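This is model_16.txt (compact mmCIF, C-alpha atoms and all ligand atoms).
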```txt
# COMPACT_ATOMS: atom_id res chain seq x y z
CA MET A 8 -137.86 115.74 -29.11
CA LYS A 9 -141.35 115.99 -27.66
CA LYS A 10 -142.32 119.60 -26.89
CA ILE A 11 -143.56 120.60 -23.49
CA ILE A 12 -145.24 123.54 -21.77
CA VAL A 13 -143.08 125.37 -19.24
CA ALA A 14 -145.15 127.34 -16.72
CA ILE A 15 -143.23 129.96 -14.73
CA ASP A 16 -145.09 131.64 -11.90
CA GLY A 17 -144.07 133.86 -9.04
CA TYR A 18 -144.22 137.27 -7.44
CA SER A 19 -143.59 140.52 -9.33
CA ALA A 20 -139.98 141.31 -10.17
CA CYS A 21 -138.46 137.93 -9.28
CA GLY A 22 -136.87 137.64 -12.71
CA LYS A 23 -139.59 135.53 -14.36
CA SER A 24 -139.74 137.35 -17.68
CA THR A 25 -135.99 137.67 -18.17
CA THR A 26 -135.48 134.01 -17.37
CA ALA A 27 -138.45 132.80 -19.41
CA LYS A 28 -137.35 134.80 -22.46
CA ILE A 29 -133.83 133.32 -22.49
CA LEU A 30 -135.10 129.84 -21.71
CA ALA A 31 -137.56 130.00 -24.63
CA ALA A 32 -134.80 131.11 -27.00
CA LYS A 33 -132.53 128.26 -25.87
CA LEU A 34 -135.28 125.68 -26.28
CA GLY A 35 -136.52 127.18 -29.56
CA TYR A 36 -139.92 127.70 -27.94
CA VAL A 37 -142.40 130.58 -28.07
CA TYR A 38 -142.31 132.93 -25.07
CA VAL A 39 -145.58 134.37 -23.76
CA ASP A 40 -145.49 137.16 -21.16
CA THR A 41 -149.00 137.00 -19.67
CA GLY A 42 -148.25 139.95 -17.36
CA ALA A 43 -147.87 142.06 -20.53
CA MET A 44 -151.37 140.97 -21.59
CA TYR A 45 -152.88 142.13 -18.27
CA ARG A 46 -150.85 145.33 -18.53
CA ALA A 47 -152.17 145.98 -22.06
CA VAL A 48 -155.76 145.57 -20.82
CA ALA A 49 -155.01 147.91 -17.89
CA LEU A 50 -153.60 150.50 -20.33
CA TYR A 51 -156.74 150.28 -22.47
CA PHE A 52 -158.93 150.72 -19.37
CA ILE A 53 -156.94 153.78 -18.30
CA GLU A 54 -157.03 155.36 -21.76
CA HIS A 55 -160.77 154.74 -22.16
CA TYR A 56 -161.75 155.63 -18.58
CA ILE A 57 -163.24 152.17 -18.01
CA ASN A 58 -164.56 151.84 -14.48
CA CYS A 59 -163.66 148.39 -13.10
CA THR A 60 -166.88 148.25 -11.09
CA ASN A 61 -169.02 148.72 -14.22
CA GLN A 62 -169.39 145.15 -15.51
CA LYS A 63 -171.13 146.18 -18.71
CA ALA A 64 -168.37 148.63 -19.62
CA VAL A 65 -165.70 146.01 -18.82
CA THR A 66 -167.40 143.36 -20.98
CA GLU A 67 -167.86 145.81 -23.84
CA ALA A 68 -164.24 147.01 -23.57
CA LEU A 69 -162.92 143.45 -23.76
CA THR A 70 -164.58 143.01 -27.17
CA GLN A 71 -162.54 146.02 -28.41
CA ILE A 72 -159.15 144.81 -27.20
CA HIS A 73 -156.80 142.91 -29.47
CA ILE A 74 -153.40 141.95 -28.06
CA SER A 75 -150.55 140.50 -30.09
CA PHE A 76 -146.81 139.92 -29.79
CA ILE A 77 -144.46 140.80 -32.63
CA TYR A 78 -140.76 139.98 -32.69
CA ASN A 79 -138.46 143.00 -32.53
CA HIS A 80 -135.14 142.25 -34.22
CA LYS A 81 -133.43 145.19 -32.52
CA THR A 82 -134.15 144.03 -28.97
CA GLU A 83 -134.28 140.33 -29.96
CA SER A 84 -137.54 139.85 -28.07
CA SER A 85 -141.25 140.24 -28.66
CA ASP A 86 -143.03 143.56 -28.23
CA THR A 87 -146.62 143.80 -27.01
CA TYR A 88 -149.15 145.37 -29.38
CA LEU A 89 -152.53 146.72 -28.34
CA ASN A 90 -154.93 147.12 -31.25
CA GLY A 91 -152.02 147.37 -33.66
CA LEU A 92 -149.98 149.85 -31.62
CA ASN A 93 -146.65 148.97 -30.03
CA VAL A 94 -147.23 149.53 -26.29
CA GLU A 95 -144.20 147.63 -25.00
CA ASN A 96 -142.71 150.69 -23.32
CA GLU A 97 -145.96 152.26 -22.14
CA ILE A 98 -147.25 149.17 -20.31
CA ARG A 99 -144.11 149.05 -18.14
CA LYS A 100 -144.68 152.55 -16.73
CA MET A 101 -145.59 153.03 -13.07
CA TYR A 102 -149.11 154.37 -13.70
CA VAL A 103 -149.93 151.07 -15.46
CA SER A 104 -148.26 149.03 -12.68
CA GLU A 105 -150.48 150.87 -10.20
CA LYS A 106 -153.67 149.89 -12.05
CA VAL A 107 -152.88 146.38 -13.27
CA SER A 108 -153.67 144.34 -10.15
CA GLU A 109 -157.17 145.85 -9.92
CA VAL A 110 -157.81 145.08 -13.59
CA SER A 111 -156.35 141.56 -13.39
CA ALA A 112 -158.59 140.68 -10.45
CA LEU A 113 -161.70 141.03 -12.63
CA PRO A 114 -163.18 137.60 -13.51
CA ALA A 115 -164.23 138.75 -17.01
CA VAL A 116 -160.70 139.95 -17.78
CA ARG A 117 -159.12 136.73 -16.51
CA LYS A 118 -161.53 134.51 -18.46
CA ASN A 119 -160.84 136.40 -21.66
CA LEU A 120 -157.04 136.35 -21.31
CA VAL A 121 -156.81 132.76 -20.07
CA GLU A 122 -158.68 131.59 -23.19
CA GLN A 123 -156.19 133.46 -25.38
CA GLN A 124 -153.24 132.04 -23.43
CA GLN A 125 -154.54 128.48 -23.81
CA LYS A 126 -154.92 129.01 -27.57
CA LEU A 127 -151.35 130.34 -27.84
CA ALA A 128 -150.02 127.06 -26.41
CA ARG A 129 -152.16 124.64 -28.41
CA LYS A 130 -149.10 123.22 -30.14
CA LYS A 131 -147.00 123.19 -26.93
CA GLY A 132 -143.38 124.34 -27.22
CA VAL A 133 -144.18 127.35 -25.06
CA VAL A 134 -142.63 129.06 -22.05
CA MET A 135 -145.32 131.13 -20.35
CA ASP A 136 -144.84 133.30 -17.29
CA GLY A 137 -147.39 134.82 -14.95
CA ARG A 138 -149.20 134.20 -11.68
CA ASP A 139 -151.64 131.37 -12.41
CA ILE A 140 -150.03 129.48 -15.28
CA GLY A 141 -149.20 126.27 -13.39
CA THR A 142 -152.31 126.36 -11.21
CA HIS A 143 -155.01 127.49 -13.62
CA VAL A 144 -154.02 128.12 -17.24
CA PHE A 145 -152.06 124.86 -17.62
CA PRO A 146 -152.60 122.68 -14.56
CA ASN A 147 -151.12 119.79 -16.57
CA ALA A 148 -148.00 121.65 -17.74
CA GLU A 149 -145.08 119.23 -17.96
CA LEU A 150 -142.80 121.63 -16.09
CA LYS A 151 -143.79 124.16 -13.44
CA ILE A 152 -141.42 126.66 -11.86
CA PHE A 153 -142.23 129.01 -8.99
CA MET A 154 -139.80 131.91 -8.54
CA VAL A 155 -139.25 133.86 -5.33
CA ALA A 156 -136.71 136.48 -4.15
CA ASP A 157 -136.20 138.91 -1.28
CA MET A 158 -138.07 142.21 -1.52
CA GLU A 159 -135.01 144.51 -1.63
CA VAL A 160 -133.49 142.56 -4.49
CA ARG A 161 -136.78 142.49 -6.40
CA ALA A 162 -137.24 146.25 -5.99
CA TYR A 163 -133.65 147.00 -7.00
CA ARG A 164 -133.97 144.85 -10.14
CA ARG A 165 -137.24 146.57 -11.07
CA GLN A 166 -135.60 149.97 -10.53
CA GLN A 167 -132.77 148.99 -12.90
CA GLU A 168 -135.29 147.82 -15.52
CA LEU A 169 -137.15 151.12 -15.31
CA PHE A 170 -133.87 153.04 -15.46
CA ALA A 171 -132.98 151.19 -18.66
CA ARG A 172 -136.28 152.50 -20.03
CA LYS A 173 -135.25 156.05 -18.98
CA GLN A 174 -137.58 156.17 -15.96
CA ILE A 175 -136.18 157.20 -12.61
CA VAL A 176 -138.33 155.87 -9.77
CA ASP A 177 -137.61 155.96 -6.05
CA LEU A 178 -136.90 152.56 -4.47
CA ALA A 179 -139.49 153.20 -1.74
CA ASP A 180 -142.19 153.79 -4.38
CA ILE A 181 -141.25 150.57 -6.14
CA ILE A 182 -141.36 148.60 -2.87
CA ALA A 183 -144.80 150.08 -2.06
CA ASN A 184 -146.07 149.11 -5.52
CA ILE A 185 -144.65 145.57 -5.37
CA GLU A 186 -146.05 145.02 -1.87
CA SER A 187 -149.52 146.15 -2.81
CA ARG A 188 -149.46 144.03 -5.98
CA ASP A 189 -148.26 140.97 -4.03
CA LEU A 190 -151.14 141.45 -1.65
CA MET A 191 -153.75 141.86 -4.38
CA ASP A 192 -152.31 139.02 -6.49
CA THR A 193 -152.33 136.56 -3.58
CA THR A 194 -155.65 137.50 -2.02
CA ARG A 195 -157.91 138.00 -5.04
CA GLU A 196 -160.77 135.52 -5.37
CA GLU A 197 -160.16 134.57 -8.99
CA SER A 198 -157.12 132.24 -9.40
CA PRO A 199 -154.84 133.96 -6.89
CA LEU A 200 -151.07 133.59 -7.04
CA ARG A 201 -150.17 130.24 -5.47
CA LYS A 202 -147.33 127.80 -5.86
CA ALA A 203 -148.62 124.65 -7.60
CA ALA A 204 -148.01 121.51 -5.52
CA ASP A 205 -145.82 120.04 -8.27
CA ALA A 206 -143.80 123.22 -9.01
CA TYR A 207 -140.05 123.54 -8.46
CA GLU A 208 -139.35 126.58 -6.28
CA ILE A 209 -136.32 128.69 -7.22
CA ASP A 210 -135.10 131.50 -4.97
CA THR A 211 -133.33 134.01 -7.22
CA THR A 212 -132.08 136.35 -4.47
CA TYR A 213 -128.44 135.32 -4.68
CA ILE A 214 -128.17 133.89 -8.16
CA THR A 215 -127.55 135.50 -11.53
CA VAL A 216 -129.86 135.34 -14.54
CA GLU A 217 -127.46 132.87 -16.20
CA GLU A 218 -127.64 130.63 -13.14
CA GLN A 219 -131.46 130.84 -13.08
CA VAL A 220 -131.61 129.86 -16.73
CA ASP A 221 -129.10 127.02 -16.33
CA CYS A 222 -130.98 125.67 -13.35
CA ILE A 223 -134.36 125.62 -15.14
CA MET A 224 -132.77 124.36 -18.35
CA ASN A 225 -131.36 121.36 -16.48
CA ILE A 226 -134.73 120.57 -14.93
CA ALA A 227 -136.44 121.05 -18.33
CA VAL A 228 -134.06 118.69 -20.11
CA GLY A 229 -134.52 116.15 -17.34
CA ARG A 230 -138.29 116.36 -17.70
CA MET A 231 -138.10 116.00 -21.49
CA ILE A 232 -135.90 112.93 -21.27
CA GLU A 233 -138.29 111.47 -18.73
CA LEU A 234 -141.29 112.14 -21.00
CA GLU A 235 -139.62 110.72 -24.10
CA TYR A 236 -138.71 107.66 -22.12
CA ARG A 237 -142.32 107.15 -21.08
CA VAL A 238 -143.58 107.64 -24.63
CA GLU A 239 -141.15 105.00 -25.98
CA ASP A 240 -142.09 102.75 -23.14
CA ILE A 241 -145.73 102.51 -24.15
O1 LIG A 301 -145.60 140.04 -14.46
P1 LIG A 301 -146.05 141.49 -14.36
O2 LIG A 301 -145.55 142.19 -13.14
O3 LIG A 301 -145.82 142.26 -15.61
O4 LIG A 301 -147.66 141.37 -14.19
C1 LIG A 301 -148.47 142.49 -14.05
C2 LIG A 301 -149.69 142.16 -13.23
O5 LIG A 301 -150.56 141.30 -13.97
C3 LIG A 301 -149.46 141.48 -11.89
O6 LIG A 301 -149.43 142.41 -10.84
C4 LIG A 301 -150.62 140.55 -11.74
C5 LIG A 301 -151.18 140.37 -13.12
N1 LIG A 301 -151.01 139.04 -13.67
C6 LIG A 301 -151.95 138.10 -13.34
O7 LIG A 301 -152.85 138.37 -12.56
N2 LIG A 301 -151.90 136.86 -13.90
C7 LIG A 301 -150.91 136.54 -14.75
N3 LIG A 301 -150.90 135.32 -15.29
C8 LIG A 301 -149.92 137.50 -15.06
C9 LIG A 301 -149.98 138.73 -14.50
```
What would the structure in this file look like if it were written as structure tokens?
Ligand code: DC
Amino acid sequence: MKKIIVAIDGYSACGKSTTAKILAAKLGYVYVDTGAMYRAVALYFIEHYINCTNQKAVTEALTQIHISFIYNHKTESSDTYLNGLNVENEIRKMYVSEKVSEVSALPAVRKNLVEQQQKLARKKGVVMDGRDIGTHVFPNAELKIFMVADMEVRAYRRQQELFARKQIVDLADIIANIESRDLMDTTREESPLRKAADAYEIDTTYITVEEQVDCIMNIAVGRMIELEYRVEDI
């Protein structure tokens, strides 16, 4: 069957990554977590005291950053590597979450990461999640999903994720972080978070992960059948 690109966008902590990961496994596609790429750059900037207002330092730093994803058989998902070091756990910590929106608003950072993301999907067969995948990275993606959920539910889910990583964070702190990231992600000049006109919106507030996956899987299969049909038709 013809392979497609599935673009999943939405606000922080709406269940994008969890859903995208399972969906990719079911389809036999590659999963790319673009948020992890921005987080890895933010971690590098923190560790190397890179000032986001210093364009020269930012450009120079980007030449020193190599991000890769390597499959972890124990967790059955890919871990993020920054210059050869596994940073999967570190990039999820709150101090990185607090820096990442500032870093991801920088045009030079976005240009660099978008180019890498486009290369990763050259052969299609990819599920990619982020903020600008359907609007900017792959405006012609065959399937676009936009995920939303109520704030309390998003914050609670993020708290549980952090707890699973042995971090105890107050719900109010998580809400404050998510709210400030939503604001920065939607108001930045460079490819802000927007729902693409042709995206399917899914509200995950009252549905389980399994239901989210089933719902997108059904739409994906429908799209693939439609595309195959058109190809045969020509
Ligand atoms: O999905 P996440 O919460 O791990 O993403 C972390 C941050 O990275 C998010 O606040 C905004 C930024 N981001 C982005 O600007 N563009 C993307 N495609 C993915 C993430």
What are the nearest atom pairs, with distances in Å to one decimal, for all residues of chain A that come at most 7 Å from ligand LIG 301 (chain A), using only C-alpha atoms and all ligand atoms, set out by chain and rising residue number as a Markdown table?
```
| residue | atom | partner | partner_atom | distance |
| --- | --- | --- | --- | --- |
| A:Ser19 | CA | A:LIG301 | O2 | 4.6 |
| A:Ala20 | CA | A:LIG301 | O2 | 6.4 |
| A:Thr41 | CA | A:LIG301 | C8 | 4.7 |
| A:Gly42 | CA | A:LIG301 | O4 | 3.5 |
| A:Ala43 | CA | A:LIG301 | O3 | 5.3 |
| A:Tyr45 | CA | A:LIG301 | O5 | 5.0 |
| A:Arg46 | CA | A:LIG301 | C1 | 5.8 |
| A:Ser104 | CA | A:LIG301 | C1 | 6.7 |
| A:Val107 | CA | A:LIG301 | C2 | 5.3 |
| A:Ser108 | CA | A:LIG301 | O6 | 4.7 |
| A:Ser111 | CA | A:LIG301 | O7 | 4.8 |
| A:Ala112 | CA | A:LIG301 | O7 | 6.5 |
| A:Asp136 | CA | A:LIG301 | N3 | 6.7 |
| A:Gly137 | CA | A:LIG301 | N3 | 3.6 |
| A:Arg138 | CA | A:LIG301 | N3 | 4.1 |
| A:Asp139 | CA | A:LIG301 | N3 | 4.9 |
| A:Ile140 | CA | A:LIG301 | N3 | 5.9 |
| A:Arg188 | CA | A:LIG301 | O6 | 5.1 |
| A:Asp192 | CA | A:LIG301 | C4 | 5.7 |
```
What's around range 52-54 of chain A at 10 Å? Count all atoms listed in the file, leave out sequence neighbours fewer than 5 positions away in its own chain, and write the answer as a compact mmCIF listing (two decimals) with C-alpha atoms, in the frame of the given file.
```
# COMPACT_ATOMS: atom_id res chain seq x y z
CA ARG A 46 -150.85 145.33 -18.53
CA ALA A 47 -152.17 145.98 -22.06
CA CYS A 59 -163.66 148.39 -13.10
CA ALA A 64 -168.37 148.63 -19.62
CA VAL A 65 -165.70 146.01 -18.82
CA ALA A 68 -164.24 147.01 -23.57
CA LEU A 69 -162.92 143.45 -23.76
CA ILE A 72 -159.15 144.81 -27.20
CA TYR A 102 -149.11 154.37 -13.70
CA VAL A 103 -149.93 151.07 -15.46
CA LYS A 106 -153.67 149.89 -12.05
CA VAL A 107 -152.88 146.38 -13.27
CA VAL A 110 -157.81 145.08 -13.59
```
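Here CA of Ile29 in chain A is placed at a distance of 22.7 Å from CA of Asn147 in chain A.
Of note, CA of Tyr236 in chain A and CA of Ala148 in chain A are spaced 17.4 Å apart.
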One-decimal distance in Å that lies between CA of Ile182 in chain A and CA of Arg164 in chain A: 11.0 Å
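For the set A:Leu178, A:Leu127, A:Ala171, A:Leu34, the residue with the smallest atom-to-atom gap to Val144 in chain A is A:Leu127, counting only C-alpha atoms.
Closest approach to Ala14 in chain A among A:Met191, A:Ala183, A:Met154, A:Ile57: A:Met154, based on only C-alpha atoms.
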For Ala156 in chain A, the nearest of the candidates A:Ile214, A:Val228, A:Ala32, A:Met8, counting all atoms listed in the file: A:Ile214
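Closest approach to Thr25 in chain A among A:Gly229, A:Gly91, A:Ser84, A:His55 is made by A:Ser84 (distances from only C-alpha atoms).
For the set A:Asp157, A:Ala179, A:Pro114, A:Glu218, the residue with the smallest atom-to-atom gap to Glu196 in chain A is A:Pro114, counting all atoms listed in the file.
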